[in-house]
Amino acid sequence: MANTPRPPGLIQRYREELQARHYAKRTVATYEQWLRRFLQFHGMRHPREMGSEEVNAFLTHLAVERQVSPSTQNQALSALLFLYRELLERDLDLEGVVRARTKRRLPVVMTVEEVRAVLEQLDGVEALVAGVLYGGGLRLMEALRLRVHDLDFQRRQITVRQGKGGKDRRTMLPATVGEKLRLHLEGVRRMHRQDLAEGYGRVELPHALARKYPHAPVEWGWQWVFPQHHRWQNADTGEQGRHHLDPSLIQKAVRRAVLASGIVTPATCHTFRHSFATHLLERGQDIRTIQELMGHNDVNTTMIYTHVLNRGPLGVTSPADLL
């Protein structure tokens, strides 16, 4: 009698349920990590044997013992809510949870002169990525996941697909960055043609698009704007292709550039995005337009940039400057 295959375990079913609902890869990995930590905290008991009391205890432990941030605690909560509501089809009573203390922090923002000083320390593809981050207000992964057809040079705009929260949006493609991107893509296209000539040239497509459009993975429009220099290879099938650049390469390059520029602002890749919004406000751009460009659901999220303007909160001039 043939051995019947073992049914998938809890974690595998949890992962597959997230993937079936088109959660981002990073979200799937993060949620899976929180599930594992929850199970370890309770001695590897099955979640069906636990409920609101155990979830409350875990979240309280994160806030009191681990002293995590509110966003981290909420992330763990979201992972467990998905487990119980979507996979186990049970609701939770979350009253009595000790919440992590909320600390309101203003975003770190560079001045225009500081942005220029940092960009001058970058070159090559690192400078291009940083130019896109500042010029369009993109998050780092949004920039690295850009495909060729997401750039519209004629309209000078960038389409960000599946940004935070799974939303698409359009933002600006500055003329100064656009011309450099054109030259960059000429080199990328030559590399793609060489890959095709050698029997490769495929990229990963989101969800089931590769099955729906079998030729799309080799089409020029679907290629990464910022591909890695080396091809990946599947050890089992021998299939090769190219991923986009690893975010750590850009993060390290920006860190070196900040140190070399001599500025004291603790800037990172995300600081370019904050600076983009703040500098638009300083130039008089309306808050609703900036909200759309940033992809914020709530205008109150965008309003925080009014508190870091050179003229003070809400653009008010200090009376001391009138003396």
# chains A, B, ... in the order shown; residues from 1 in each chain; ligands from 1
$ residues_around --residues "segment 241-248 of chain A" --least-positions-apart "2" --cutoff "9 Å" --atoms "only C-alpha atoms" --output "JSON, numbers by chain"
{"A": [140, 141, 144, 145, 146, 195, 200, 201, 202, 203, 204, 223, 224, 225, 226, 227, 228, 229, 230, 231, 232, 233, 234, 239, 250, 251, 252, 253]}
$ closest_atom_pairs --of "segment 66-185 of chain A" --to "segment 10-25 of chain A" --cutoff "10 Å" --atoms "only C-alpha atoms" --output "tab-separated table"
residue	atom	partner	partner_atom	distance
A:Ala79	CA	A:Tyr14	CA	9.9
A:Phe82	CA	A:Leu18	CA	8.6
A:Leu83	CA	A:Tyr14	CA	6.9
A:Glu86	CA	A:Glu17	CA	8.2
A:Leu87	CA	A:Tyr14	CA	6.8
A:Leu88	CA	A:Tyr14	CA	9.7
A:Gln162	CA	A:Ala24	CA	8.6
A:Gly163	CA	A:Ala24	CA	9.7
A:Lys164	CA	A:Ala24	CA	9.4
A:Gly165	CA	A:Ala24	CA	9.3
A:Gly166	CA	A:Ala24	CA	8.1
$ write_last_selection --atoms "N, CA and C atoms" --output "CSV table (one decimal), in the first residue's frame"
chain,number,residue,atom,x,y,z
A,79,ALA,N,-0.7,39.6,12.4
A,79,ALA,CA,-0.3,38.2,12.0
A,79,ALA,C,-1.2,37.2,12.8
A,82,PHE,N,-4.9,37.3,11.6
A,82,PHE,CA,-5.0,36.6,10.3
A,82,PHE,C,-5.1,35.1,10.6
A,83,LEU,N,-4.3,34.6,11.5
A,83,LEU,CA,-4.3,33.2,11.9
A,83,LEU,C,-5.7,32.7,12.4
A,86,GLU,N,-8.9,34.1,9.7
A,86,GLU,CA,-8.9,33.6,8.3
A,86,GLU,C,-8.6,32.1,8.2
A,87,LEU,N,-7.7,31.6,9.0
A,87,LEU,CA,-7.3,30.2,8.9
A,87,LEU,C,-8.1,29.3,9.9
A,88,LEU,N,-8.2,29.7,11.1
A,88,LEU,CA,-9.0,28.9,12.1
A,88,LEU,C,-10.4,29.3,12.3
A,162,GLN,N,1.7,48.2,-6.5
A,162,GLN,CA,1.7,47.4,-5.3
A,162,GLN,C,2.6,48.0,-4.2
A,163,GLY,N,2.4,49.3,-4.0
A,163,GLY,CA,3.2,49.9,-2.9
A,163,GLY,C,2.6,49.5,-1.6
A,164,LYS,N,3.0,50.3,-0.5
A,164,LYS,CA,2.5,49.9,0.8
A,164,LYS,C,1.0,49.8,0.9
A,165,GLY,N,0.5,48.7,1.4
A,165,GLY,CA,-0.9,48.5,1.4
A,165,GLY,C,-1.5,48.0,0.1
A,166,GLY,N,-0.6,47.6,-0.8
A,166,GLY,CA,-1.0,47.0,-2.1
A,166,GLY,C,-1.6,48.0,-3.0
$ atom_distance --atom1 "atom CA of Gly284 of chain A" --atom2 "atom CA of His270 of chain A"
22.3 Å
$ closest_residue --among "A:His61, A:His192, A:Arg37, A:Arg273" --to "Arg99 of chain A" --atoms "only C-alpha atoms"
A:His61
$ residues_around --residues "Arg105 of chain A" --least-positions-apart "6" --cutoff "12 Å" --atoms "only C-alpha atoms" --output "PyMOL selection string"
chain A and resi 69+304-305+307-308
$ closest_residue --among "A:Val148, A:Val160, A:Leu185, A:Ala257" --to "Asp123 of chain A" --atoms "only C-alpha atoms"
A:Ala257
$ select_by_dssp --residues "segment 51-257 of chain A" --states "alpha helix (DSSP H)" --output "PyMOL selection string"
chain A and resi 52-64+70-82+112-119+124-136+140-144+175-197+209-212+247-257
$ closest_residue --among "A:Arg104, A:Ala143, A:Ser78, A:His296" --to "Glu126 of chain A" --atoms "only C-alpha atoms"
A:Ala143
$ closest_residue --among "A:Leu80, A:Leu209, A:Ala277, A:Val188" --to "Leu92 of chain A" --atoms "only C-alpha atoms"
A:Leu80
$ atom_distance --atom1 "atom CA of Tyr134 of chain A" --atom2 "atom CA of Phe272 of chain A"
4.6 Å
$ closest_residue --among "A:Val254, A:Leu280, A:Cys269, A:Leu181" --to "Glu120 of chain A" --atoms "only C-alpha atoms"
A:Val254
$ residues_around --residues "Met110 of chain A" --least-positions-apart "3" --cutoff "8 Å" --atoms "only C-alpha atoms" --output "short mmCIF file (atom, residue, chain, number, x, y, z; two decimals) with C-alpha atoms, in the first residue's frame"
data_model
loop_
_atom_site.label_atom_id
_atom_site.label_comp_id
_atom_site.auth_asym_id
_atom_site.auth_seq_id
_atom_site.Cartn_x
_atom_site.Cartn_y
_atom_site.Cartn_z
CA GLU A 113 21.77 71.64 0.46
CA GLU A 114 22.22 68.43 2.50
CA VAL A 115 20.44 66.36 -0.14
CA THR A 265 21.61 64.70 9.97
CA ALA A 267 19.93 60.36 7.07
CA THR A 271 15.05 60.29 4.57
CA PHE A 272 14.96 61.12 0.85
CA SER A 275 12.71 65.36 2.35
#
$ residues_around --residues "Leu281 of chain A" --least-positions-apart "4" --cutoff "9 Å" --atoms "only C-alpha atoms" --output "ChimeraX atom specification"
/A:276-277,285-287,290,305-306,309
$ write_last_selection --atoms "N, CA, C and O atoms" --output "mmCIF file, in the first residue's frame"
data_model
loop_
_atom_site.group_PDB
_atom_site.id
_atom_site.type_symbol
_atom_site.label_atom_id
_atom_site.label_comp_id
_atom_site.auth_asym_id
_atom_site.auth_seq_id
_atom_site.Cartn_x
_atom_site.Cartn_y
_atom_site.Cartn_z
ATOM 1 N N PHE A 276 11.548 64.849 0.272
ATOM 2 C CA PHE A 276 10.726 65.127 -0.910
ATOM 3 C C PHE A 276 9.431 65.831 -0.508
ATOM 4 O O PHE A 276 9.078 66.889 -1.045
ATOM 5 N N ALA A 277 8.718 65.263 0.471
ATOM 6 C CA ALA A 277 7.439 65.836 0.891
ATOM 7 C C ALA A 277 7.629 67.202 1.540
ATOM 8 O O ALA A 277 6.881 68.154 1.261
ATOM 9 N N GLN A 285 3.394 73.746 -2.348
ATOM 10 C CA GLN A 285 2.521 72.734 -2.941
ATOM 11 C C GLN A 285 1.418 72.360 -1.946
ATOM 12 O O GLN A 285 1.664 72.257 -0.749
ATOM 13 N N ASP A 286 0.201 72.151 -2.448
ATOM 14 C CA ASP A 286 -0.903 71.870 -1.532
ATOM 15 C C ASP A 286 -0.780 70.465 -0.948
ATOM 16 O O ASP A 286 -0.242 69.545 -1.573
ATOM 17 N N ILE A 287 -1.303 70.300 0.250
ATOM 18 C CA ILE A 287 -1.135 69.084 1.033
ATOM 19 C C ILE A 287 -1.817 67.890 0.382
ATOM 20 O O ILE A 287 -1.336 66.753 0.483
ATOM 21 N N ILE A 290 0.395 66.387 -2.323
ATOM 22 C CA ILE A 290 1.498 65.659 -1.708
ATOM 23 C C ILE A 290 1.007 64.329 -1.144
ATOM 24 O O ILE A 290 1.689 63.298 -1.249
ATOM 25 N N TYR A 305 4.474 66.556 8.036
ATOM 26 C CA TYR A 305 5.587 67.290 7.411
ATOM 27 C C TYR A 305 5.465 68.799 7.623
ATOM 28 O O TYR A 305 6.446 69.517 7.443
ATOM 29 N N THR A 306 4.275 69.274 8.007
ATOM 30 C CA THR A 306 4.156 70.705 8.293
ATOM 31 C C THR A 306 4.917 71.079 9.561
ATOM 32 O O THR A 306 5.205 72.248 9.785
ATOM 33 N N LEU A 309 8.891 72.102 8.780
ATOM 34 C CA LEU A 309 9.234 73.175 7.851
ATOM 35 C C LEU A 309 10.205 74.150 8.493
ATOM 36 O O LEU A 309 10.229 74.341 9.712
#
$ closest_residue --among "A:Val118, A:His42, A:Thr30, A:Val98" --to "Leu62 of chain A" --atoms "only C-alpha atoms"
A:Val98
$ residues_around --residues "Arg288 of chain A" --least-positions-apart "5" --cutoff "12 Å" --atoms "only C-alpha atoms" --output "list of chain:residue names"
A:Ala277, A:Leu280, A:Leu281, A:Leu293, A:Met294, A:Gly295, A:His296, A:Asn297, A:Asp298, A:Val299, A:Asn300, A:Thr301, A:Thr302, A:Met303
$ atom_distance --atom1 "atom CA of Arg101 of chain A" --atom2 "atom CA of Ala63 of chain A"
7.8 Å
$ select_by_dssp --residues "segment 223-296 of chain A" --states "strand (DSSP E)" --output "ChimeraX atom specification"
/A:232-233,240-241
